[in-house]
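Novice: Structure file model.pdb, PDB, C-alpha atoms, is pasted below:
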ATOM      1  CA  MET Q  74     164.071  59.087  60.277  1.00  0.00           C
ATOM      2  CA  GLY Q  75     160.290  58.913  60.506  1.00  0.00           C
ATOM      3  CA  THR Q  76     158.001  56.027  61.293  1.00  0.00           C
ATOM      4  CA  ILE Q  77     159.455  52.531  61.106  1.00  0.00           C
ATOM      5  CA  THR Q  78     157.307  50.176  59.031  1.00  0.00           C
ATOM      6  CA  PRO Q  79     157.945  47.003  57.020  1.00  0.00           C
ATOM      7  CA  SER Q  80     158.445  49.189  53.935  1.00  0.00           C
ATOM      8  CA  ASN Q  81     160.566  51.742  55.879  1.00  0.00           C
ATOM      9  CA  PRO Q  82     162.707  49.587  58.227  1.00  0.00           C
ATOM     10  CA  LEU Q  83     165.299  50.821  60.689  1.00  0.00           C
ATOM     11  CA  VAL Q  84     168.661  50.199  59.046  1.00  0.00           C
ATOM     12  CA  ILE Q  85     171.729  50.283  61.256  1.00  0.00           C
ATOM     13  CA  PRO Q  86     174.801  50.559  59.042  1.00  0.00           C
ATOM     14  CA  HIS Q  87     177.814  48.406  59.785  1.00  0.00           C
ATOM     15  CA  GLY Q  88     180.690  50.445  61.211  1.00  0.00           C
ATOM     16  CA  GLN Q  89     183.733  51.040  59.068  1.00  0.00           C
ATOM     17  CA  GLY Q  90     185.988  49.613  61.753  1.00  0.00           C
ATOM     18  CA  LEU Q  91     188.428  52.519  61.869  1.00  0.00           C
ATOM     19  CA  PRO Q  92     187.996  55.733  63.815  1.00  0.00           C
ATOM     20  CA  SER Q  93     187.822  58.916  61.786  1.00  0.00           C
ATOM     21  CA  PRO Q  94     190.506  61.608  61.984  1.00  0.00           C
ATOM     22  CA  PRO Q  95     191.247  64.086  63.473  1.00  0.00           C
ATOM     23  CA  THR Q  96     189.686  62.961  66.771  1.00  0.00           C
ATOM     24  CA  ASN Q  97     190.168  59.222  66.215  1.00  0.00           C
ATOM     25  CA  ALA Q  98     186.577  58.723  67.371  1.00  0.00           C
ATOM     26  CA  HIS Q  99     184.012  56.333  65.993  1.00  0.00           C
ATOM     27  CA  SER Q 100     180.818  57.902  64.731  1.00  0.00           C
ATOM     28  CA  ILE Q 101     177.713  57.077  66.745  1.00  0.00           C
ATOM     29  CA  ARG Q 102     173.969  57.360  66.268  1.00  0.00           C
ATOM     30  CA  TYR Q 103     171.475  57.784  69.100  1.00  0.00           C
ATOM     31  CA  THR Q 104     167.994  56.603  68.170  1.00  0.00           C
ATOM     32  CA  ILE Q 105     164.845  56.654  70.296  1.00  0.00           C
ATOM     33  CA  LEU Q 106     162.160  54.160  69.335  1.00  0.00           C
ATOM     34  CA  ALA Q 107     158.648  54.858  70.615  1.00  0.00           C
ATOM     35  CA  PRO Q 108     155.202  53.614  69.646  1.00  0.00           C
ATOM     36  CA  VAL Q 109     152.772  55.877  67.818  1.00  0.00           C
ATOM     37  CA  PHE Q 110     149.549  55.867  69.825  1.00  0.00           C
ATOM     38  CA  PRO Q 111     146.081  56.189  68.294  1.00  0.00           C
ATOM     39  CA  GLY Q 112     145.541  59.698  66.974  1.00  0.00           C
ATOM     40  CA  GLY Q 113     149.267  60.164  66.264  1.00  0.00           C
ATOM     41  CA  TRP Q 114     150.582  60.855  69.797  1.00  0.00           C
ATOM     42  CA  VAL Q 115     154.128  59.687  70.614  1.00  0.00           C
ATOM     43  CA  LEU Q 116     155.417  59.542  74.188  1.00  0.00           C
ATOM     44  CA  MET Q 117     159.199  59.629  73.804  1.00  0.00           C
ATOM     45  CA  GLY Q 118     160.011  59.782  77.504  1.00  0.00           C
ATOM     46  CA  GLU Q 119     162.448  61.781  79.592  1.00  0.00           C
ATOM     47  CA  GLY Q 120     164.875  64.181  78.030  1.00  0.00           C
ATOM     48  CA  GLY Q 121     168.520  63.954  78.977  1.00  0.00           C
ATOM     49  CA  LYS Q 122     168.399  60.223  79.693  1.00  0.00           C
ATOM     50  CA  ILE Q 123     170.088  57.451  77.740  1.00  0.00           C
ATOM     51  CA  THR Q 124     167.097  55.222  78.483  1.00  0.00           C
ATOM     52  CA  THR Q 125     164.167  57.583  77.986  1.00  0.00           C
ATOM     53  CA  MET Q 126     161.406  55.195  79.083  1.00  0.00           C
ATOM     54  CA  SER Q 127     161.369  52.612  81.851  1.00  0.00           C
ATOM     55  CA  ARG Q 128     158.700  50.390  83.396  1.00  0.00           C
ATOM     56  CA  GLN Q 129     159.957  51.596  86.762  1.00  0.00           C
ATOM     57  CA  ARG Q 130     159.278  55.240  85.839  1.00  0.00           C
ATOM     58  CA  THR Q 131     156.294  55.141  83.466  1.00  0.00           C
ATOM     59  CA  THR Q 132     153.335  52.791  83.891  1.00  0.00           C
ATOM     60  CA  ASN Q 133     149.619  52.493  83.179  1.00  0.00           C
ATOM     61  CA  VAL Q 134     149.752  54.038  79.708  1.00  0.00           C
ATOM     62  CA  THR Q 135     146.163  54.413  78.508  1.00  0.00           C
ATOM     63  CA  THR Q 136     145.289  55.547  74.997  1.00  0.00           C
ATOM     64  CA  THR Q 137     142.226  56.463  72.970  1.00  0.00           C
ATOM     65  CA  SER Q 138     141.926  57.865  69.462  1.00  0.00           C
ATOM     66  CA  THR Q 139     142.050  61.417  70.887  1.00  0.00           C
ATOM     67  CA  SER Q 140     144.193  61.228  74.033  1.00  0.00           C
ATOM     68  CA  PHE Q 141     146.617  59.314  76.208  1.00  0.00           C
ATOM     69  CA  SER Q 142     147.713  59.272  79.833  1.00  0.00           C
ATOM     70  CA  ALA Q 143     150.448  57.622  81.874  1.00  0.00           C
ATOM     71  CA  VAL Q 144     151.520  57.398  85.498  1.00  0.00           C
ATOM     72  CA  VAL Q 145     154.940  58.945  86.189  1.00  0.00           C
ATOM     73  CA  HIS Q 146     156.612  57.520  89.300  1.00  0.00           C
ATOM     74  CA  THR Q 147     158.840  60.006  91.104  1.00  0.00           C
ATOM     75  CA  SER Q 148     161.188  60.052  94.071  1.00  0.00           C
ATOM     76  CA  THR Q 149     161.284  62.440  97.004  1.00  0.00           C
ATOM     77  CA  ALA Q 150     164.648  63.834  95.837  1.00  0.00           C
ATOM     78  CA  GLU Q 151     163.255  65.096  92.496  1.00  0.00           C
ATOM     79  CA  THR Q 152     161.677  68.468  91.910  1.00  0.00           C
ATOM     80  CA  SER Q 153     160.642  67.944  88.287  1.00  0.00           C
ATOM     81  CA  VAL Q 154     160.746  65.472  85.417  1.00  0.00           C
ATOM     82  CA  VAL Q 155     160.597  66.562  81.757  1.00  0.00           C
ATOM     83  CA  TYR Q 156     158.881  64.234  79.290  1.00  0.00           C
ATOM     84  CA  TYR Q 157     158.841  64.757  75.535  1.00  0.00           C
ATOM     85  CA  VAL Q 158     155.649  64.209  73.563  1.00  0.00           C
ATOM     86  CA  THR Q 159     155.140  64.402  69.810  1.00  0.00           C
ATOM     87  CA  VAL Q 160     151.854  66.171  69.158  1.00  0.00           C
ATOM     88  CA  PRO Q 161     149.805  64.859  66.206  1.00  0.00           C
ATOM     89  CA  SER Q 162     150.433  67.003  63.120  1.00  0.00           C
ATOM     90  CA  ASN Q 163     146.792  68.108  62.924  1.00  0.00           C
ATOM     91  CA  LEU Q 164     147.037  69.607  66.451  1.00  0.00           C
ATOM     92  CA  VAL Q 165     150.414  71.393  66.269  1.00  0.00           C
ATOM     93  CA  SER Q 166     148.949  74.761  65.177  1.00  0.00           C
ATOM     94  CA  SER Q 167     146.240  74.735  67.834  1.00  0.00           C
ATOM     95  CA  PHE Q 168     148.751  73.793  70.564  1.00  0.00           C
ATOM     96  CA  ILE Q 169     150.991  76.686  69.499  1.00  0.00           C
ATOM     97  CA  THR Q 170     147.968  79.018  69.540  1.00  0.00           C
ATOM     98  CA  LEU Q 171     147.186  77.811  73.081  1.00  0.00           C
ATOM     99  CA  GLY Q 172     150.754  78.757  74.105  1.00  0.00           C
ATOM    100  CA  TYR Q 173     152.352  75.307  74.296  1.00  0.00           C
ATOM    101  CA  PRO Q 174     156.080  75.109  73.344  1.00  0.00           C
ATOM    102  CA  VAL Q 175     155.652  72.799  70.356  1.00  0.00           C
ATOM    103  CA  ASP Q 176     158.390  72.666  67.720  1.00  0.00           C
ATOM    104  CA  LYS Q 177     156.635  73.668  64.484  1.00  0.00           C
ATOM    105  CA  VAL Q 178     158.673  71.260  62.337  1.00  0.00           C
ATOM    106  CA  THR Q 179     158.889  68.106  64.466  1.00  0.00           C
ATOM    107  CA  GLY Q 180     155.794  68.516  66.649  1.00  0.00           C
ATOM    108  CA  VAL Q 181     157.903  67.681  69.717  1.00  0.00           C
ATOM    109  CA  MET Q 182     156.911  69.358  72.978  1.00  0.00           C
ATOM    110  CA  PRO Q 183     158.396  69.170  76.487  1.00  0.00           C
ATOM    111  CA  VAL Q 184     155.970  68.566  79.348  1.00  0.00           C
ATOM    112  CA  THR Q 185     157.266  69.269  82.848  1.00  0.00           C
ATOM    113  CA  CYS Q 186     155.984  67.105  85.686  1.00  0.00           C
ATOM    114  CA  THR Q 187     156.521  68.919  88.977  1.00  0.00           C
ATOM    115  CA  THR Q 188     157.081  66.270  91.609  1.00  0.00           C
ATOM    116  CA  LYS Q 189     155.519  66.300  95.057  1.00  0.00           C
ATOM    117  CA  ASN Q 190     157.599  64.367  97.597  1.00  0.00           C
ATOM    118  CA  GLY Q 191     157.627  61.147  95.614  1.00  0.00           C
ATOM    119  CA  ILE Q 192     153.887  61.128  94.868  1.00  0.00           C
ATOM    120  CA  ASP Q 193     153.105  59.771  91.412  1.00  0.00           C
ATOM    121  CA  ALA Q 194     152.064  62.262  88.733  1.00  0.00           C
ATOM    122  CA  ILE Q 195     149.602  61.718  85.890  1.00  0.00           C
ATOM    123  CA  LEU Q 196     150.793  62.830  82.451  1.00  0.00           C
ATOM    124  CA  SER Q 197     147.768  63.465  80.219  1.00  0.00           C
ATOM    125  CA  CYS Q 198     147.498  64.763  76.654  1.00  0.00           C
ATOM    126  CA  ALA Q 199     144.437  65.467  74.552  1.00  0.00           C
ATOM    127  CA  GLY Q 200     143.398  67.874  71.818  1.00  0.00           C
ATOM    128  CA  ASN Q 201     143.329  70.800  74.252  1.00  0.00           C
ATOM    129  CA  GLY Q 202     146.850  70.312  75.645  1.00  0.00           C
ATOM    130  CA  CYS Q 203     149.068  68.310  77.996  1.00  0.00           C
ATOM    131  CA  THR Q 204     149.291  68.380  81.773  1.00  0.00           C
ATOM    132  CA  CYS Q 205     151.285  66.536  84.383  1.00  0.00           C
ATOM    133  CA  GLN Q 206     149.813  66.678  87.880  1.00  0.00           C
TER     134      GLN Q 206
END
Represent the supplied structure as structure tokens.
Specialist:
Amino acid sequence: MGTITPSNPLVIPHGQGLPSPPTNAHSIRYTILAPVFPGGWVLMGEGGKITTMSRQRTTNVTTTSTSFSAVVHTSTAETSVVYYVTVPSNLVSSFITLGYPVDKVTGVMPVTCTTKNGIDAILSCAGNGCTCQ
């Protein structure tokens, strides 16, 4: 879909009203909207969640032209949280060279935050990689 701008708006088509055969199911579209931070970083949030970002989970997002960081609030019952970050296109090759699992086409990369008995973690990304400690 790409970046939503005034000249490239998000268009949600009106449903046709009737389910499609053979399953009699309505078609659906799942869309994640996330801001593009300075430098081209996108913090899309947690994978596997319907609501990928929440003010109860992610706070204190700080950005510069070359990096960003956020506080990830965790619970004692969790062992890890996986966030998805889109790496700026000019850094994808260097991240891959550094051994990060970045998708070459989309620039999307999972970052695992290992939780420590409900202690908040800091998710940080810059030109030399991403960490969550």
Novice: Just say which residues the PyMOL selection byres ((chain Q and resi 183) around 8) picks in this file, as a list in words.
Specialist: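 Those residues are Val155, Tyr156, Tyr157, Val158, Pro174, Val175, Val181, Met182, Val184 and Thr185 of chain Q.
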Novice: Just C-alpha atoms for this one: save the residues we selected as a PDB file, in the frame of the given file.
Specialist:
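What landed in part28.pdb:
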ATOM      1  CA  VAL Q 155     160.597  66.562  81.757  1.00  0.00           C
ATOM      2  CA  TYR Q 156     158.881  64.234  79.290  1.00  0.00           C
ATOM      3  CA  TYR Q 157     158.841  64.757  75.535  1.00  0.00           C
ATOM      4  CA  VAL Q 158     155.649  64.209  73.563  1.00  0.00           C
ATOM      5  CA  PRO Q 174     156.080  75.109  73.344  1.00  0.00           C
ATOM      6  CA  VAL Q 175     155.652  72.799  70.356  1.00  0.00           C
ATOM      7  CA  VAL Q 181     157.903  67.681  69.717  1.00  0.00           C
ATOM      8  CA  MET Q 182     156.911  69.358  72.978  1.00  0.00           C
ATOM      9  CA  VAL Q 184     155.970  68.566  79.348  1.00  0.00           C
ATOM     10  CA  THR Q 185     157.266  69.269  82.848  1.00  0.00           C
TER      11      THR Q 185
END
Novice: Which of these residues is nearest to Gly172 in chain Q, using all atoms listed in the file: Q:Ile101, Q:Met117, Q:Cys203, Q:Ile195?
Specialist: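 Closest to Gly172 in chain Q, using all atoms listed in the file: Q:Cys203.
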Novice: If the PyMOL selection byres ((chain Q and resi 134) around 10) is run on the structure shown, which residues does it catch, given as a ChimeraX atom specification?
Specialist: /Q:116,131-133,135-136,141-145,195-197
Novice: Let me see the file: selected residues, C-alpha atoms, as a PDB file, in the coordinates of the input.
Specialist:
ATOM      1  CA  LEU Q 116     155.417  59.542  74.188  1.00  0.00           C
ATOM      2  CA  THR Q 131     156.294  55.141  83.466  1.00  0.00           C
ATOM      3  CA  THR Q 132     153.335  52.791  83.891  1.00  0.00           C
ATOM      4  CA  ASN Q 133     149.619  52.493  83.179  1.00  0.00           C
ATOM      5  CA  THR Q 135     146.163  54.413  78.508  1.00  0.00           C
ATOM      6  CA  THR Q 136     145.289  55.547  74.997  1.00  0.00           C
ATOM      7  CA  PHE Q 141     146.617  59.314  76.208  1.00  0.00           C
ATOM      8  CA  SER Q 142     147.713  59.272  79.833  1.00  0.00           C
ATOM      9  CA  ALA Q 143     150.448  57.622  81.874  1.00  0.00           C
ATOM     10  CA  VAL Q 144     151.520  57.398  85.498  1.00  0.00           C
ATOM     11  CA  VAL Q 145     154.940  58.945  86.189  1.00  0.00           C
ATOM     12  CA  ILE Q 195     149.602  61.718  85.890  1.00  0.00           C
ATOM     13  CA  LEU Q 196     150.793  62.830  82.451  1.00  0.00           C
ATOM     14  CA  SER Q 197     147.768  63.465  80.219  1.00  0.00           C
TER      15      SER Q 197
END
Novice: Please report the interatomic distance between CA of Val115 in chain Q and CA of Val160 in chain Q in Å with one decimal.
Specialist: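 It comes out at 7.0 Å.
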Novice: Residues picked by the PyMOL selection byres ((chain Q and resi 186) around 7) here, as a ChimeraX atom specification?
Specialist: /Q:153-155,184-185,187-188,194,205-206
Novice: Let me see the file: selected residues, C-alpha atoms, as an mmCIF file, in the coordinates of the input.
Specialist:
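selection_1.cif, written as the output of this step:
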data_model
loop_
_atom_site.group_PDB
_atom_site.id
_atom_site.type_symbol
_atom_site.label_atom_id
_atom_site.label_comp_id
_atom_site.auth_asym_id
_atom_site.auth_seq_id
_atom_site.Cartn_x
_atom_site.Cartn_y
_atom_site.Cartn_z
ATOM 1 C CA SER Q 153 160.642 67.944 88.287
ATOM 2 C CA VAL Q 154 160.746 65.472 85.417
ATOM 3 C CA VAL Q 155 160.597 66.562 81.757
ATOM 4 C CA VAL Q 184 155.970 68.566 79.348
ATOM 5 C CA THR Q 185 157.266 69.269 82.848
ATOM 6 C CA THR Q 187 156.521 68.919 88.977
ATOM 7 C CA THR Q 188 157.081 66.270 91.609
ATOM 8 C CA ALA Q 194 152.064 62.262 88.733
ATOM 9 C CA CYS Q 205 151.285 66.536 84.383
ATOM 10 C CA GLN Q 206 149.813 66.678 87.880
#
Novice: One decimal, in Å: what's the spacing between CA of Asn201 in chain Q and CA of Thr78 in chain Q?
Specialist: 29.2 Å
Novice: Let me make sure I understand: among Q:Asn97, Q:Thr204, Q:Thr149, Q:Ser138, which one has the smallest atom-to-atom distance to Gly113 in chain Q if we use only C-alpha atoms?
Specialist: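 For Gly113 in chain Q, the nearest of the given residues is Q:Ser138.
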Novice: Between CA of Trp114 in chain Q and CA of Thr159 in chain Q, what is the distance, to one decimal in Å?
Specialist: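 Between CA of Trp114 in chain Q and CA of Thr159 in chain Q the gap works out to 5.8 Å.
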Novice: Using all atoms listed in the file, which of Q:Ile77, Q:Ser148, Q:Gly118, Q:Phe110 sits nearest Asn190 in chain Q?
Specialist: Q:Ser148
Novice: How would range 94-110 of chain Q of the given structure read as a file with N, CA and C atoms, as a PDB file, in the first residue's frame?
Specialist:
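Output file out.pdb is given in full below:
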ATOM      1  N   PRO Q  94     -18.979 -17.049  -2.751  1.00  0.00           N
ATOM      2  CA  PRO Q  94     -18.927 -18.505  -2.716  1.00  0.00           C
ATOM      3  C   PRO Q  94     -17.486 -18.969  -2.867  1.00  0.00           C
ATOM      4  N   PRO Q  95     -17.069 -20.120  -2.535  1.00  0.00           N
ATOM      5  CA  PRO Q  95     -17.889 -21.207  -1.991  1.00  0.00           C
ATOM      6  C   PRO Q  95     -17.995 -21.189  -0.475  1.00  0.00           C
ATOM      7  N   THR Q  96     -17.240 -20.309   0.211  1.00  0.00           N
ATOM      8  CA  THR Q  96     -17.236 -20.333   1.668  1.00  0.00           C
ATOM      9  C   THR Q  96     -18.318 -19.474   2.290  1.00  0.00           C
ATOM     10  N   ASN Q  97     -18.982 -18.645   1.475  1.00  0.00           N
ATOM     11  CA  ASN Q  97     -19.976 -17.702   1.971  1.00  0.00           C
ATOM     12  C   ASN Q  97     -19.388 -16.740   3.000  1.00  0.00           C
ATOM     13  N   ALA Q  98     -18.124 -16.381   2.803  1.00  0.00           N
ATOM     14  CA  ALA Q  98     -17.444 -15.457   3.709  1.00  0.00           C
ATOM     15  C   ALA Q  98     -17.270 -14.100   3.033  1.00  0.00           C
ATOM     16  N   HIS Q  99     -17.295 -13.075   3.827  1.00  0.00           N
ATOM     17  CA  HIS Q  99     -17.003 -11.735   3.328  1.00  0.00           C
ATOM     18  C   HIS Q  99     -15.489 -11.566   3.257  1.00  0.00           C
ATOM     19  N   SER Q 100     -15.019 -10.860   2.255  1.00  0.00           N
ATOM     20  CA  SER Q 100     -13.588 -10.596   2.190  1.00  0.00           C
ATOM     21  C   SER Q 100     -13.241  -9.526   3.216  1.00  0.00           C
ATOM     22  N   ILE Q 101     -12.038  -9.624   3.778  1.00  0.00           N
ATOM     23  CA  ILE Q 101     -11.601  -8.643   4.762  1.00  0.00           C
ATOM     24  C   ILE Q 101     -10.220  -8.126   4.379  1.00  0.00           C
ATOM     25  N   ARG Q 102      -9.858  -7.001   4.957  1.00  0.00           N
ATOM     26  CA  ARG Q 102      -8.529  -6.432   4.767  1.00  0.00           C
ATOM     27  C   ARG Q 102      -8.034  -5.999   6.136  1.00  0.00           C
ATOM     28  N   TYR Q 103      -6.823  -6.394   6.473  1.00  0.00           N
ATOM     29  CA  TYR Q 103      -6.201  -6.006   7.735  1.00  0.00           C
ATOM     30  C   TYR Q 103      -5.107  -5.006   7.409  1.00  0.00           C
ATOM     31  N   THR Q 104      -5.224  -3.799   7.928  1.00  0.00           N
ATOM     32  CA  THR Q 104      -4.270  -2.745   7.622  1.00  0.00           C
ATOM     33  C   THR Q 104      -3.691  -2.197   8.916  1.00  0.00           C
ATOM     34  N   ILE Q 105      -2.372  -2.062   8.955  1.00  0.00           N
ATOM     35  CA  ILE Q 105      -1.695  -1.446  10.096  1.00  0.00           C
ATOM     36  C   ILE Q 105      -1.245  -0.056   9.664  1.00  0.00           C
ATOM     37  N   LEU Q 106      -1.653   0.947  10.413  1.00  0.00           N
ATOM     38  CA  LEU Q 106      -1.208   2.311  10.158  1.00  0.00           C
ATOM     39  C   LEU Q 106      -0.178   2.676  11.222  1.00  0.00           C
ATOM     40  N   ALA Q 107       0.959   3.206  10.787  1.00  0.00           N
ATOM     41  CA  ALA Q 107       2.018   3.587  11.715  1.00  0.00           C
ATOM     42  C   ALA Q 107       2.742   4.806  11.164  1.00  0.00           C
ATOM     43  N   PRO Q 108       3.171   5.697  12.056  1.00  0.00           N
ATOM     44  CA  PRO Q 108       3.880   6.884  11.574  1.00  0.00           C
ATOM     45  C   PRO Q 108       5.279   6.542  11.074  1.00  0.00           C
ATOM     46  N   VAL Q 109       5.742   7.311  10.100  1.00  0.00           N
ATOM     47  CA  VAL Q 109       7.110   7.200   9.616  1.00  0.00           C
ATOM     48  C   VAL Q 109       7.922   8.227  10.399  1.00  0.00           C
ATOM     49  N   PHE Q 110       8.880   7.731  11.189  1.00  0.00           N
ATOM     50  CA  PHE Q 110       9.699   8.621  12.002  1.00  0.00           C
ATOM     51  C   PHE Q 110      10.801   9.256  11.160  1.00  0.00           C
TER      52      PHE Q 110
END
